[in-house]
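Peer 1: Structure file protein-v9.cif (mmCIF, N, CA and C atoms and all ligand atoms) right here:
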```
data_target
#
loop_
_atom_site.group_PDB
_atom_site.id
_atom_site.type_symbol
_atom_site.label_atom_id
_atom_site.label_comp_id
_atom_site.auth_asym_id
_atom_site.auth_seq_id
_atom_site.Cartn_x
_atom_site.Cartn_y
_atom_site.Cartn_z
ATOM 1 N N MET A 180 114.167 99.125 65.511
ATOM 2 C CA MET A 180 113.077 98.625 64.673
ATOM 3 C C MET A 180 113.385 97.209 64.198
ATOM 4 N N LYS A 181 112.323 96.436 64.060
ATOM 5 C CA LYS A 181 112.473 95.052 63.608
ATOM 6 C C LYS A 181 111.566 94.802 62.413
ATOM 7 N N ALA A 182 111.952 93.827 61.608
ATOM 8 C CA ALA A 182 111.153 93.466 60.438
ATOM 9 C C ALA A 182 110.570 92.073 60.645
ATOM 10 N N TYR A 183 109.360 91.910 60.163
ATOM 11 C CA TYR A 183 108.687 90.614 60.253
ATOM 12 C C TYR A 183 108.087 90.262 58.899
ATOM 13 N N VAL A 184 108.127 88.974 58.572
ATOM 14 C CA VAL A 184 107.453 88.497 57.362
ATOM 15 C C VAL A 184 106.330 87.565 57.797
ATOM 16 N N ASN A 185 105.141 87.824 57.288
ATOM 17 C CA ASN A 185 104.019 86.921 57.535
ATOM 18 C C ASN A 185 104.164 85.727 56.592
ATOM 19 N N ASP A 186 104.532 84.574 57.161
ATOM 20 C CA ASP A 186 104.846 83.428 56.297
ATOM 21 C C ASP A 186 103.600 82.796 55.682
ATOM 22 N N GLU A 187 102.439 83.204 56.124
ATOM 23 C CA GLU A 187 101.221 82.690 55.485
ATOM 24 C C GLU A 187 100.815 83.553 54.303
ATOM 25 N N THR A 188 101.297 84.795 54.287
ATOM 26 C CA THR A 188 100.942 85.716 53.204
ATOM 27 C C THR A 188 102.000 85.725 52.108
ATOM 28 N N CYS A 189 103.262 85.570 52.490
ATOM 29 C CA CYS A 189 104.371 85.630 51.532
ATOM 30 C C CYS A 189 104.174 84.608 50.418
ATOM 31 N N ILE A 190 104.345 85.085 49.164
ATOM 32 C CA ILE A 190 104.212 84.188 48.007
ATOM 33 C C ILE A 190 105.577 83.806 47.432
ATOM 34 N N GLY A 191 106.636 84.200 48.144
ATOM 35 C CA GLY A 191 107.978 83.787 47.732
ATOM 36 C C GLY A 191 108.472 84.426 46.451
ATOM 37 N N CYS A 192 108.073 85.673 46.200
ATOM 38 C CA CYS A 192 108.446 86.321 44.932
ATOM 39 C C CYS A 192 109.933 86.674 44.873
ATOM 40 N N GLY A 193 110.588 86.775 46.027
ATOM 41 C CA GLY A 193 112.021 87.051 46.046
ATOM 42 C C GLY A 193 112.399 88.517 45.988
ATOM 43 N N THR A 194 111.413 89.404 45.999
ATOM 44 C CA THR A 194 111.729 90.836 45.881
ATOM 45 C C THR A 194 112.447 91.381 47.107
ATOM 46 N N CYS A 195 111.977 91.040 48.294
ATOM 47 C CA CYS A 195 112.558 91.694 49.486
ATOM 48 C C CYS A 195 114.049 91.404 49.675
ATOM 49 N N PRO A 196 114.519 90.151 49.475
ATOM 50 C CA PRO A 196 115.964 89.972 49.588
ATOM 51 C C PRO A 196 116.746 90.654 48.474
ATOM 52 N N GLU A 197 116.092 90.893 47.341
ATOM 53 C CA GLU A 197 116.771 91.639 46.271
ATOM 54 C C GLU A 197 116.939 93.100 46.677
ATOM 55 N N VAL A 198 115.891 93.663 47.292
ATOM 56 C CA VAL A 198 115.925 95.081 47.670
ATOM 57 C C VAL A 198 116.789 95.290 48.913
ATOM 58 N N CYS A 199 116.699 94.389 49.881
ATOM 59 C CA CYS A 199 117.432 94.569 51.136
ATOM 60 C C CYS A 199 117.948 93.223 51.667
ATOM 61 N N PRO A 200 119.021 92.719 51.058
ATOM 62 C CA PRO A 200 119.564 91.414 51.475
ATOM 63 C C PRO A 200 120.134 91.421 52.883
ATOM 64 N N GLU A 201 120.393 92.621 53.433
ATOM 65 C CA GLU A 201 120.925 92.700 54.800
ATOM 66 C C GLU A 201 119.880 92.267 55.827
ATOM 67 N N VAL A 202 118.605 92.351 55.451
ATOM 68 C CA VAL A 202 117.529 92.056 56.405
ATOM 69 C C VAL A 202 116.716 90.820 56.006
ATOM 70 N N PHE A 203 116.538 90.601 54.708
ATOM 71 C CA PHE A 203 115.651 89.513 54.259
ATOM 72 C C PHE A 203 116.428 88.448 53.496
ATOM 73 N N HIS A 204 116.029 87.196 53.705
ATOM 74 C CA HIS A 204 116.575 86.113 52.894
ATOM 75 C C HIS A 204 115.460 85.109 52.626
ATOM 76 N N MET A 205 115.682 84.267 51.621
ATOM 77 C CA MET A 205 114.693 83.239 51.304
ATOM 78 C C MET A 205 115.059 81.972 52.066
ATOM 79 N N THR A 206 114.070 81.301 52.625
ATOM 80 C CA THR A 206 114.319 80.048 53.333
ATOM 81 C C THR A 206 114.264 78.875 52.354
ATOM 82 N N ASP A 207 114.624 77.696 52.832
ATOM 83 C CA ASP A 207 114.553 76.495 51.996
ATOM 84 C C ASP A 207 113.118 76.201 51.572
ATOM 85 N N GLU A 208 112.158 76.716 52.345
ATOM 86 C CA GLU A 208 110.751 76.510 51.998
ATOM 87 C C GLU A 208 110.289 77.470 50.904
ATOM 88 N N GLY A 209 111.181 78.388 50.509
ATOM 89 C CA GLY A 209 110.834 79.303 49.422
ATOM 90 C C GLY A 209 110.044 80.519 49.850
ATOM 91 N N ILE A 210 110.061 80.817 51.137
ATOM 92 C CA ILE A 210 109.442 82.059 51.594
ATOM 93 C C ILE A 210 110.500 82.936 52.242
ATOM 94 N N ALA A 211 110.146 84.204 52.387
ATOM 95 C CA ALA A 211 111.125 85.142 52.932
ATOM 96 C C ALA A 211 111.138 85.080 54.458
ATOM 97 N N HIS A 212 112.300 85.428 55.018
ATOM 98 C CA HIS A 212 112.450 85.501 56.471
ATOM 99 C C HIS A 212 113.295 86.723 56.783
ATOM 100 N N ALA A 213 112.938 87.411 57.858
ATOM 101 C CA ALA A 213 113.695 88.596 58.259
ATOM 102 C C ALA A 213 114.643 88.241 59.395
ATOM 103 N N ILE A 214 115.718 88.998 59.516
ATOM 104 C CA ILE A 214 116.645 88.802 60.636
ATOM 105 C C ILE A 214 115.901 88.997 61.961
ATOM 106 N N ASP A 215 116.352 88.319 62.997
ATOM 107 C CA ASP A 215 115.674 88.384 64.293
ATOM 108 C C ASP A 215 115.939 89.692 65.038
ATOM 109 N N GLY A 216 117.134 90.219 64.880
ATOM 110 C CA GLY A 216 117.513 91.396 65.676
ATOM 111 C C GLY A 216 117.022 92.696 65.077
ATOM 112 N N GLU A 217 117.514 93.780 65.656
ATOM 113 C CA GLU A 217 117.182 95.119 65.171
ATOM 114 C C GLU A 217 117.705 95.315 63.748
ATOM 115 N N ILE A 218 116.944 96.060 62.953
ATOM 116 C CA ILE A 218 117.406 96.398 61.600
ATOM 117 C C ILE A 218 118.570 97.392 61.746
ATOM 118 N N PRO A 219 119.723 97.087 61.140
ATOM 119 C CA PRO A 219 120.826 98.053 61.210
ATOM 120 C C PRO A 219 120.387 99.401 60.635
ATOM 121 N N LYS A 220 120.754 100.485 61.314
ATOM 122 C CA LYS A 220 120.294 101.823 60.927
ATOM 123 C C LYS A 220 120.623 102.172 59.481
ATOM 124 N N ASP A 221 121.790 101.736 59.032
ATOM 125 C CA ASP A 221 122.213 102.122 57.684
ATOM 126 C C ASP A 221 121.427 101.423 56.579
ATOM 127 N N VAL A 222 120.621 100.400 56.907
ATOM 128 C CA VAL A 222 119.824 99.752 55.867
ATOM 129 C C VAL A 222 118.319 99.909 56.115
ATOM 130 N N LEU A 223 117.975 100.777 57.064
ATOM 131 C CA LEU A 223 116.570 100.977 57.391
ATOM 132 C C LEU A 223 115.756 101.455 56.176
ATOM 133 N N GLY A 224 116.338 102.368 55.418
ATOM 134 C CA GLY A 224 115.653 102.868 54.221
ATOM 135 C C GLY A 224 115.370 101.756 53.229
ATOM 136 N N LYS A 225 116.358 100.877 53.052
ATOM 137 C CA LYS A 225 116.173 99.759 52.120
ATOM 138 C C LYS A 225 115.142 98.769 52.660
ATOM 139 N N ALA A 226 115.144 98.567 53.970
ATOM 140 C CA ALA A 226 114.166 97.648 54.564
ATOM 141 C C ALA A 226 112.744 98.176 54.346
ATOM 142 N N LYS A 227 112.574 99.499 54.500
ATOM 143 C CA LYS A 227 111.252 100.098 54.288
ATOM 144 C C LYS A 227 110.858 100.022 52.812
ATOM 145 N N GLN A 228 111.860 100.168 51.949
ATOM 146 C CA GLN A 228 111.605 100.051 50.517
ATOM 147 C C GLN A 228 111.135 98.624 50.194
ATOM 148 N N ALA A 229 111.755 97.638 50.838
ATOM 149 C CA ALA A 229 111.349 96.244 50.638
ATOM 150 C C ALA A 229 109.915 96.039 51.099
ATOM 151 N N GLU A 230 109.586 96.645 52.254
ATOM 152 C CA GLU A 230 108.221 96.538 52.770
ATOM 153 C C GLU A 230 107.229 97.082 51.741
ATOM 154 N N GLU A 231 107.575 98.233 51.159
ATOM 155 C CA GLU A 231 106.672 98.851 50.183
ATOM 156 C C GLU A 231 106.621 98.077 48.878
ATOM 157 N N SER A 232 107.701 97.338 48.585
ATOM 158 C CA SER A 232 107.771 96.604 47.318
ATOM 159 C C SER A 232 107.048 95.268 47.365
ATOM 160 N N CYS A 233 106.744 94.790 48.551
ATOM 161 C CA CYS A 233 106.111 93.467 48.652
ATOM 162 C C CYS A 233 104.723 93.509 48.008
ATOM 163 N N PRO A 234 104.481 92.627 47.035
ATOM 164 C CA PRO A 234 103.203 92.679 46.299
ATOM 165 C C PRO A 234 102.001 92.229 47.130
ATOM 166 N N VAL A 235 102.248 91.536 48.236
ATOM 167 C CA VAL A 235 101.123 91.027 49.028
ATOM 168 C C VAL A 235 101.121 91.599 50.459
ATOM 169 N N GLU A 236 101.931 92.639 50.666
ATOM 170 C CA GLU A 236 102.007 93.308 51.969
ATOM 171 C C GLU A 236 102.254 92.332 53.120
ATOM 172 N N ALA A 237 103.194 91.422 52.888
ATOM 173 C CA ALA A 237 103.511 90.416 53.914
ATOM 174 C C ALA A 237 104.537 90.914 54.932
ATOM 175 N N ILE A 238 105.129 92.089 54.655
ATOM 176 C CA ILE A 238 106.203 92.595 55.526
ATOM 177 C C ILE A 238 105.678 93.669 56.458
ATOM 178 N N ASP A 239 106.077 93.543 57.707
ATOM 179 C CA ASP A 239 105.760 94.556 58.710
ATOM 180 C C ASP A 239 107.058 95.079 59.292
ATOM 181 N N ILE A 240 107.162 96.376 59.401
ATOM 182 C CA ILE A 240 108.310 96.942 60.116
ATOM 183 C C ILE A 240 107.788 97.613 61.374
ATOM 184 N N ASP A 241 108.239 97.078 62.480
ATOM 185 C CA ASP A 241 107.817 97.513 63.791
ATOM 186 C C ASP A 241 108.532 98.824 64.124
ATOM 187 N N GLU A 242 107.760 99.876 64.335
ATOM 188 C CA GLU A 242 108.334 101.214 64.498
ATOM 189 C C GLU A 242 108.875 101.481 65.887
ATOM 190 N N ASP A 243 108.799 100.532 66.787
ATOM 191 C CA ASP A 243 109.258 100.767 68.173
ATOM 192 C C ASP A 243 110.736 101.084 68.238
HETATM 193 S S1 LIG B 1 108.480 90.658 48.798
HETATM 194 FE FE1 LIG B 1 106.766 89.842 50.005
HETATM 195 S S2 LIG B 1 105.981 88.097 48.820
HETATM 196 FE FE2 LIG B 1 107.993 88.626 48.006
HETATM 197 S S3 LIG B 1 109.409 87.240 49.098
HETATM 198 FE FE3 LIG B 1 109.332 89.191 50.250
HETATM 199 S S4 LIG B 1 107.717 88.900 51.800
HETATM 200 FE FE4 LIG B 1 107.479 87.306 50.268
#
```
Please lay out the structure from this file as structure tokens.
Peer 2:
Amino acid sequence: MKAYVNDETCIGCGTCPEVCPEVFHMTDEGIAHAIDGEIPKDVLGKAKQAEESCPVEAIDIDED
């Protein structure tokens, strides 16, 4: 599974890297970015929690 952040929707609230820093970080532009590779299995729950915590639903977790 992979995580994606819609950079046009993200308002830069900083929640996702707080909930799951293994997958999300803030860029110099002040928006969130997800790691390019597969989400490590041991942090999948936290990544999904971050997705649910996003106030503008900018995060997508690809279930493939
Ligand atoms: S939680 Fe949503 S709005 Fe907040 S930084 Fe992450 S992607 Fe952006």
Peer 1: Do you have the atom N of Thr206 in chain A-atom C of Glu242 in chain A distance handy?
Peer 2: 24.7 Å
Peer 1: I need the residues in chain A that are strand (DSSP E or B) according to DSSP; give them as a compact mmCIF listing (two decimals) with N, CA and C atoms, in the frame of the given file.
Peer 2:
```txt
# COMPACT_ATOMS: atom_id res chain seq x y z
N LYS A 181 112.32 96.44 64.06
CA LYS A 181 112.47 95.05 63.61
C LYS A 181 111.57 94.80 62.41
N ALA A 182 111.95 93.83 61.61
CA ALA A 182 111.15 93.47 60.44
C ALA A 182 110.57 92.07 60.64
N TYR A 183 109.36 91.91 60.16
CA TYR A 183 108.69 90.61 60.25
C TYR A 183 108.09 90.26 58.90
N VAL A 184 108.13 88.97 58.57
CA VAL A 184 107.45 88.50 57.36
C VAL A 184 106.33 87.56 57.80
N PHE A 203 116.54 90.60 54.71
CA PHE A 203 115.65 89.51 54.26
C PHE A 203 116.43 88.45 53.50
N HIS A 204 116.03 87.20 53.70
CA HIS A 204 116.58 86.11 52.89
C HIS A 204 115.46 85.11 52.63
N MET A 205 115.68 84.27 51.62
CA MET A 205 114.69 83.24 51.30
C MET A 205 115.06 81.97 52.07
N ALA A 211 110.15 84.20 52.39
CA ALA A 211 111.12 85.14 52.93
C ALA A 211 111.14 85.08 54.46
N HIS A 212 112.30 85.43 55.02
CA HIS A 212 112.45 85.50 56.47
C HIS A 212 113.30 86.72 56.78
N ALA A 213 112.94 87.41 57.86
CA ALA A 213 113.70 88.60 58.26
C ALA A 213 114.64 88.24 59.40
N ILE A 238 105.13 92.09 54.66
CA ILE A 238 106.20 92.60 55.53
C ILE A 238 105.68 93.67 56.46
N ASP A 239 106.08 93.54 57.71
CA ASP A 239 105.76 94.56 58.71
C ASP A 239 107.06 95.08 59.29
N ILE A 240 107.16 96.38 59.40
CA ILE A 240 108.31 96.94 60.12
C ILE A 240 107.79 97.61 61.37
N ASP A 241 108.24 97.08 62.48
CA ASP A 241 107.82 97.51 63.79
C ASP A 241 108.53 98.82 64.12
```
Peer 1: For ligand LIG 1 (chain B), which of A:Gln228, A:Glu236, A:Asp241, A:Ala182 is the closest residue, counting only C-alpha atoms and all ligand atoms?
Peer 2: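 Using only C-alpha atoms and all ligand atoms, the shortest distance to ligand LIG 1 (chain B) belongs to A:Glu236.
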Peer 1: Using 6.5 Å as the limit and counting all atoms listed in the file, can you tabulate each residue of chain A that touches ligand LIG 1 (chain B), with its shortest atom-to-atom distance in Å and the two atoms involved, as a tab-separated table?
Peer 2:
```
residue	atom	partner	partner_atom	distance
A:Val184	CA	B:LIG1	S4	5.6
A:Asn185	N	B:LIG1	S4	6.2
A:Thr188	C	B:LIG1	S2	5.7
A:Cys189	CA	B:LIG1	FE4	3.8
A:Ile190	N	B:LIG1	S2	3.4
A:Gly191	N	B:LIG1	FE4	3.9
A:Cys192	N	B:LIG1	FE2	3.5
A:Gly193	N	B:LIG1	S3	3.3
A:Thr194	N	B:LIG1	FE2	4.0
A:Cys195	N	B:LIG1	S1	3.6
A:Pro196	N	B:LIG1	FE3	5.3
A:Ile210	C	B:LIG1	S3	5.4
A:Ala211	N	B:LIG1	S3	4.5
A:Ala229	C	B:LIG1	S1	6.0
A:Ser232	C	B:LIG1	S1	5.0
A:Cys233	CA	B:LIG1	S1	3.7
A:Pro234	N	B:LIG1	FE1	4.7
A:Val235	N	B:LIG1	S2	5.1
A:Glu236	N	B:LIG1	FE1	5.6
A:Ala237	N	B:LIG1	FE1	4.9
A:Ile238	N	B:LIG1	S4	5.0
```
Peer 1: Since we have the selection now, will you write its residues out, keeping N, CA and C atoms, as a CSV table (one decimal), keeping the file's coordinate frame?
Peer 2:
```csv
chain,number,residue,atom,x,y,z
A,184,VAL,N,108.1,89.0,58.6
A,184,VAL,CA,107.5,88.5,57.4
A,184,VAL,C,106.3,87.6,57.8
A,185,ASN,N,105.1,87.8,57.3
A,185,ASN,CA,104.0,86.9,57.5
A,185,ASN,C,104.2,85.7,56.6
A,188,THR,N,101.3,84.8,54.3
A,188,THR,CA,100.9,85.7,53.2
A,188,THR,C,102.0,85.7,52.1
A,189,CYS,N,103.3,85.6,52.5
A,189,CYS,CA,104.4,85.6,51.5
A,189,CYS,C,104.2,84.6,50.4
A,190,ILE,N,104.3,85.1,49.2
A,190,ILE,CA,104.2,84.2,48.0
A,190,ILE,C,105.6,83.8,47.4
A,191,GLY,N,106.6,84.2,48.1
A,191,GLY,CA,108.0,83.8,47.7
A,191,GLY,C,108.5,84.4,46.5
A,192,CYS,N,108.1,85.7,46.2
A,192,CYS,CA,108.4,86.3,44.9
A,192,CYS,C,109.9,86.7,44.9
A,193,GLY,N,110.6,86.8,46.0
A,193,GLY,CA,112.0,87.1,46.0
A,193,GLY,C,112.4,88.5,46.0
A,194,THR,N,111.4,89.4,46.0
A,194,THR,CA,111.7,90.8,45.9
A,194,THR,C,112.4,91.4,47.1
A,195,CYS,N,112.0,91.0,48.3
A,195,CYS,CA,112.6,91.7,49.5
A,195,CYS,C,114.0,91.4,49.7
A,196,PRO,N,114.5,90.2,49.5
A,196,PRO,CA,116.0,90.0,49.6
A,196,PRO,C,116.7,90.7,48.5
A,210,ILE,N,110.1,80.8,51.1
A,210,ILE,CA,109.4,82.1,51.6
A,210,ILE,C,110.5,82.9,52.2
A,211,ALA,N,110.1,84.2,52.4
A,211,ALA,CA,111.1,85.1,52.9
A,211,ALA,C,111.1,85.1,54.5
A,229,ALA,N,111.8,97.6,50.8
A,229,ALA,CA,111.3,96.2,50.6
A,229,ALA,C,109.9,96.0,51.1
A,232,SER,N,107.7,97.3,48.6
A,232,SER,CA,107.8,96.6,47.3
A,232,SER,C,107.0,95.3,47.4
A,233,CYS,N,106.7,94.8,48.6
A,233,CYS,CA,106.1,93.5,48.7
A,233,CYS,C,104.7,93.5,48.0
A,234,PRO,N,104.5,92.6,47.0
A,234,PRO,CA,103.2,92.7,46.3
A,234,PRO,C,102.0,92.2,47.1
A,235,VAL,N,102.2,91.5,48.2
A,235,VAL,CA,101.1,91.0,49.0
A,235,VAL,C,101.1,91.6,50.5
A,236,GLU,N,101.9,92.6,50.7
A,236,GLU,CA,102.0,93.3,52.0
A,236,GLU,C,102.3,92.3,53.1
A,237,ALA,N,103.2,91.4,52.9
A,237,ALA,CA,103.5,90.4,53.9
A,237,ALA,C,104.5,90.9,54.9
A,238,ILE,N,105.1,92.1,54.7
A,238,ILE,CA,106.2,92.6,55.5
A,238,ILE,C,105.7,93.7,56.5
```
Peer 1: As JSON, numbers by chain, list the residues of chain A assigned to helix (DSSP H, G or I) by DSSP on the backbone atoms of this structure.
Peer 2: {"A": [194, 195, 196, 197, 198, 220, 221, 222, 223, 224, 225, 226, 227, 228, 229, 230, 231, 232]}
Peer 1: Can you work out which one of A:His212, A:Asp186, A:Lys181, A:Cys199 has the shortest atom-to-atom distance to Gly224 in chain A, counting only N, CA and C atoms?
Peer 2: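 Of A:His212, A:Asp186, A:Lys181, A:Cys199, the one nearest Gly224 in chain A, counting only N, CA and C atoms, is A:Cys199.
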Peer 1: For a cut-off of 12 Å around (121.1, 98.2, 61.2), file coordinates, pick out all residues using only C-alpha atoms and list them as a PyMOL selection string.
Peer 2: chain A and resi 180-182+199-202+214-226
Peer 1: Would you mind reading off the distance between atom C of Tyr183 in chain A and atom C of Val198 in chain A, one decimal, in Å?
Peer 2: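 Separation between atom C of Tyr183 in chain A and atom C of Val198 in chain A: 14.2 Å.
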Peer 1: Figure out the distance between atom N of Asp239 in chain A and atom C of Asp207 in chain A, please, to one decimal in Å.
Peer 2: 19.7 Å
Peer 1: Please, could N, CA, C and O atoms be added to range 229-243 of chain A and the result written as a JSON list (two decimals), in the frame of the given file?
Peer 2:
```
[["chain", "number", "residue", "atom", "x", "y", "z"],
["A", 229, "ALA", "N", 111.76, 97.64, 50.84],
["A", 229, "ALA", "CA", 111.35, 96.24, 50.64],
["A", 229, "ALA", "C", 109.92, 96.04, 51.10],
["A", 229, "ALA", "O", 109.11, 95.38, 50.42],
["A", 230, "GLU", "N", 109.59, 96.64, 52.25],
["A", 230, "GLU", "CA", 108.22, 96.54, 52.77],
["A", 230, "GLU", "C", 107.23, 97.08, 51.74],
["A", 230, "GLU", "O", 106.20, 96.47, 51.45],
["A", 231, "GLU", "N", 107.58, 98.23, 51.16],
["A", 231, "GLU", "CA", 106.67, 98.85, 50.18],
["A", 231, "GLU", "C", 106.62, 98.08, 48.88],
["A", 231, "GLU", "O", 105.63, 98.14, 48.15],
["A", 232, "SER", "N", 107.70, 97.34, 48.58],
["A", 232, "SER", "CA", 107.77, 96.60, 47.32],
["A", 232, "SER", "C", 107.05, 95.27, 47.36],
["A", 232, "SER", "O", 106.79, 94.68, 46.31],
["A", 233, "CYS", "N", 106.74, 94.79, 48.55],
["A", 233, "CYS", "CA", 106.11, 93.47, 48.65],
["A", 233, "CYS", "C", 104.72, 93.51, 48.01],
["A", 233, "CYS", "O", 103.88, 94.32, 48.40],
["A", 234, "PRO", "N", 104.48, 92.63, 47.04],
["A", 234, "PRO", "CA", 103.20, 92.68, 46.30],
["A", 234, "PRO", "C", 102.00, 92.23, 47.13],
["A", 234, "PRO", "O", 100.86, 92.50, 46.75],
["A", 235, "VAL", "N", 102.25, 91.54, 48.24],
["A", 235, "VAL", "CA", 101.12, 91.03, 49.03],
["A", 235, "VAL", "C", 101.12, 91.60, 50.46],
["A", 235, "VAL", "O", 100.43, 91.10, 51.34],
["A", 236, "GLU", "N", 101.93, 92.64, 50.67],
["A", 236, "GLU", "CA", 102.01, 93.31, 51.97],
["A", 236, "GLU", "C", 102.25, 92.33, 53.12],
["A", 236, "GLU", "O", 101.61, 92.39, 54.17],
["A", 237, "ALA", "N", 103.19, 91.42, 52.89],
["A", 237, "ALA", "CA", 103.51, 90.42, 53.91],
["A", 237, "ALA", "C", 104.54, 90.91, 54.93],
["A", 237, "ALA", "O", 104.80, 90.25, 55.92],
["A", 238, "ILE", "N", 105.13, 92.09, 54.66],
["A", 238, "ILE", "CA", 106.20, 92.60, 55.53],
["A", 238, "ILE", "C", 105.68, 93.67, 56.46],
["A", 238, "ILE", "O", 104.95, 94.56, 56.04],
["A", 239, "ASP", "N", 106.08, 93.54, 57.71],
["A", 239, "ASP", "CA", 105.76, 94.56, 58.71],
["A", 239, "ASP", "C", 107.06, 95.08, 59.29],
["A", 239, "ASP", "O", 107.94, 94.29, 59.64],
["A", 240, "ILE", "N", 107.16, 96.38, 59.40],
["A", 240, "ILE", "CA", 108.31, 96.94, 60.12],
["A", 240, "ILE", "C", 107.79, 97.61, 61.37],
["A", 240, "ILE", "O", 106.96, 98.52, 61.32],
["A", 241, "ASP", "N", 108.24, 97.08, 62.48],
["A", 241, "ASP", "CA", 107.82, 97.51, 63.79],
["A", 241, "ASP", "C", 108.53, 98.82, 64.12],
["A", 241, "ASP", "O", 109.75, 98.87, 64.16],
["A", 242, "GLU", "N", 107.76, 99.88, 64.33],
["A", 242, "GLU", "CA", 108.33, 101.21, 64.50],
["A", 242, "GLU", "C", 108.88, 101.48, 65.89],
["A", 242, "GLU", "O", 109.35, 102.58, 66.15],
["A", 243, "ASP", "N", 108.80, 100.53, 66.79],
["A", 243, "ASP", "CA", 109.26, 100.77, 68.17],
["A", 243, "ASP", "C", 110.74, 101.08, 68.24],
["A", 243, "ASP", "O", 111.53, 100.48, 67.57]]
```
